[in-house]
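Dropping target15.cif in here (mmCIF, C-alpha atoms):
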```cif
data_my_file
#
loop_
_atom_site.label_atom_id
_atom_site.label_comp_id
_atom_site.auth_asym_id
_atom_site.auth_seq_id
_atom_site.Cartn_x
_atom_site.Cartn_y
_atom_site.Cartn_z
CA PRO A 4 0.00 0.00 0.00
CA VAL A 5 2.84 2.44 0.77
CA ALA A 6 4.53 1.74 -2.56
CA LYS A 7 1.25 2.16 -4.44
CA SER A 8 0.63 5.47 -2.68
CA LEU A 9 4.13 6.74 -3.50
CA PHE A 10 3.79 5.74 -7.16
CA GLU A 11 0.40 7.44 -7.46
CA SER A 12 1.75 10.56 -5.79
CA ALA A 13 4.74 10.54 -8.17
CA ASN A 14 2.46 10.15 -11.21
CA GLU A 15 0.46 13.19 -10.09
CA ILE A 16 3.48 15.35 -9.22
CA LEU A 17 5.32 14.57 -12.46
CA GLY A 18 2.25 14.85 -14.67
CA VAL A 19 3.19 11.58 -16.35
CA ARG A 20 2.49 7.99 -15.35
CA ILE A 21 6.08 7.27 -14.45
CA SER A 22 4.94 4.06 -12.77
CA ASP A 23 3.77 2.75 -16.16
CA ILE A 24 7.11 3.70 -17.73
CA MET A 25 9.04 2.09 -14.87
CA PHE A 26 7.14 -1.19 -15.10
CA SER A 27 6.45 -1.48 -18.83
CA GLY A 28 8.22 1.34 -20.64
CA THR A 29 10.68 0.88 -23.44
CA ASP A 30 14.43 0.95 -22.94
CA GLU A 31 14.52 4.25 -24.82
CA GLU A 32 11.97 5.83 -22.48
CA LEU A 33 13.84 4.60 -19.44
CA LYS A 34 17.17 5.92 -20.76
CA GLN A 35 15.88 9.49 -20.88
CA THR A 36 17.50 11.37 -18.00
CA ASN A 37 14.27 13.20 -17.17
CA ILE A 38 12.70 9.77 -16.56
CA THR A 39 15.71 7.84 -15.22
CA LYS A 40 16.51 10.17 -12.33
CA PRO A 41 12.99 10.37 -10.87
CA ALA A 42 12.56 6.61 -11.44
CA VAL A 43 15.72 5.78 -9.49
CA PHE A 44 14.71 8.17 -6.70
CA ILE A 45 11.20 6.69 -6.47
CA HIS A 46 12.60 3.16 -6.46
CA SER A 47 15.01 4.04 -3.65
CA VAL A 48 12.29 5.55 -1.48
CA VAL A 49 9.91 2.66 -2.14
CA ALA A 50 12.68 0.16 -1.29
CA TYR A 51 13.38 2.03 1.94
CA HIS A 52 9.71 1.89 2.91
CA THR A 53 9.61 -1.87 2.39
CA LEU A 54 12.09 -2.33 5.24
CA ASP A 55 10.65 -3.57 8.52
CA ASN A 56 10.24 -0.46 10.70
CA PRO A 57 13.27 1.53 9.54
CA SER A 58 14.62 4.15 11.90
CA PRO A 59 18.19 4.99 10.89
CA ALA A 60 20.52 6.80 13.26
CA MET A 61 22.04 8.50 10.23
CA VAL A 62 21.71 8.47 6.47
CA ALA A 63 24.00 9.28 3.58
CA GLY A 64 23.74 9.49 -0.15
CA HIS A 65 25.81 10.62 -3.08
CA SER A 66 24.43 12.80 -5.87
CA LEU A 67 20.90 11.55 -6.57
CA GLY A 68 21.09 9.34 -3.47
CA GLU A 69 21.20 12.43 -1.28
CA PHE A 70 17.54 13.07 -2.04
CA SER A 71 16.35 9.63 -0.94
CA ALA A 72 18.57 9.91 2.15
CA LEU A 73 16.88 13.19 3.05
CA VAL A 74 13.48 11.55 2.65
CA ALA A 75 14.57 8.57 4.77
CA ASN A 76 15.51 10.79 7.69
CA LYS A 77 12.39 12.93 7.21
CA THR A 78 14.34 16.11 6.49
CA VAL A 79 12.52 16.58 3.18
CA SER A 80 9.13 15.17 2.18
CA PHE A 81 8.89 12.65 -0.64
CA GLU A 82 6.83 15.12 -2.64
CA ASP A 83 9.27 18.03 -2.27
CA ALA A 84 12.27 15.82 -2.96
CA LEU A 85 10.61 14.42 -6.09
CA ARG A 86 9.92 17.96 -7.33
CA LEU A 87 13.60 18.85 -6.81
CA VAL A 88 14.75 15.62 -8.49
CA SER A 89 12.45 16.36 -11.42
CA ILE A 90 13.78 19.91 -11.86
CA ARG A 91 17.33 18.58 -11.70
CA ALA A 92 16.52 15.80 -14.18
CA GLN A 93 14.90 18.20 -16.63
CA ALA A 94 17.98 20.44 -16.53
CA MET A 95 20.21 17.41 -17.06
CA GLN A 96 18.00 16.24 -19.96
CA LYS A 97 18.29 19.66 -21.59
CA ALA A 98 22.09 19.53 -21.20
CA CYS A 99 22.12 16.03 -22.75
CA GLU A 100 20.13 17.29 -25.72
CA GLN A 101 22.41 20.31 -26.21
CA ASN A 102 25.57 18.20 -25.89
CA PRO A 103 24.83 14.62 -26.97
CA SER A 104 27.04 12.20 -25.11
CA THR A 105 27.03 8.87 -23.34
CA MET A 106 28.13 7.59 -19.98
CA ALA A 107 29.22 4.18 -18.77
CA ALA A 108 30.16 2.60 -15.47
CA VAL A 109 33.58 1.00 -15.33
CA LEU A 110 34.04 -1.79 -12.82
CA ASN A 111 37.10 -3.72 -11.74
CA LEU A 112 39.67 -1.95 -13.92
CA ALA A 113 42.71 -0.10 -12.64
CA ASP A 114 42.66 3.67 -13.12
CA ASP A 115 45.65 3.62 -15.47
CA VAL A 116 43.93 1.04 -17.70
CA VAL A 117 40.80 3.18 -17.93
CA GLU A 118 42.86 6.30 -18.63
CA ASN A 119 44.74 4.51 -21.43
CA ILE A 120 41.50 3.28 -23.00
CA CYS A 121 40.02 6.80 -22.87
CA LYS A 122 43.17 8.26 -24.40
CA GLN A 123 43.16 5.66 -27.19
CA VAL A 124 39.48 6.24 -28.01
CA GLN A 125 40.03 10.00 -28.02
CA GLU A 126 43.01 9.66 -30.39
CA GLU A 127 41.11 7.33 -32.73
CA THR A 128 37.82 9.24 -32.80
CA GLY A 129 38.73 12.80 -31.96
CA GLU A 130 35.93 12.74 -29.39
CA ILE A 131 36.53 14.05 -25.89
CA VAL A 132 36.64 11.15 -23.45
CA VAL A 133 36.88 11.73 -19.70
#
```

How does this structure look as structure tokens?
Amino acid sequence: PVAKSLFESANEILGVRISDIMFSGTDEELKQTNITKPAVFIHSVVAYHTLDNPSPAMVAGHSLGEFSALVANKTVSFEDALRLVSIRAQAMQKACEQNPSTMAAVLNLADDVVENICKQVQEETGEIVV
């Protein structure tokens, strides 16, 4: 019931049925930053609320995770945090459209290996790789 309530609230706040996109949207829809960021935030808050009687002594989050951490410790309401996440996501989406690019997570590679790969790709393509 809590998850359903949060999803319905999110649908209303965002003016789009993000719950439908999250559960049955296309990969392309889900890859859009203005959808991805709110979806990850909503998922994090819903996951938190599925815990058995959570009452953390402290919370922490990085980047987008800061918003769900603030909701978990009741510093910011879910609704206000979602509005902030949405504004942030829309700005990021606009930046992505103005400067098309991609991002990837790199796991289990030494920094020097990653730096060499980026350098090689940049030399071969002329594209900026950081």

- Give the answer as one residue: which of A:Ala72, A:Gln35, A:Arg86, A:Asn119 has the shortest atom-to-atom distance to Cys99 in chain A, using all atoms listed in the file? A:Gln35

- Task: Please provide the set of residues having any atom within 10 Å of His46 in chain A, restricted to all atoms listed in the file, with same-chain residues fewer than 2 positions apart removed, written as number ranges by chain.
- Result: A: 6, 9-10, 22, 25, 40-44, 48-52, 71

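The gap separating CA of Gln96 in chain A from CA of Asp30 in chain A is 16.0 Å, in Å to one decimal.
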
- Task: Check which residues satisfy the PyMOL selection byres ((chain A and resi 59) around 12) in the file shown, then give them as a VMD selection string.
- Result: chain A and resid 51 54 to 58 60 to 63 72 to 77

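The residue that comes closest to Ile21 in chain A, out of A:Leu85, A:Val79, A:Val116, A:Ala107 and on the basis of all atoms listed in the file, is A:Leu85.
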
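Straight-line separation from CA of Phe81 in chain A to CA of Ala94 in chain A: 19.9 Å.
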
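With CA of Val88 in chain A on one side and CA of Ile24 in chain A on the other, the separation reads 16.9 Å.
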
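The smallest atom-to-atom distance between Val19 in chain A and any of A:Ser66, A:Asn111, A:Ser89, A:Ser47, using only C-alpha atoms, is found for A:Ser89.
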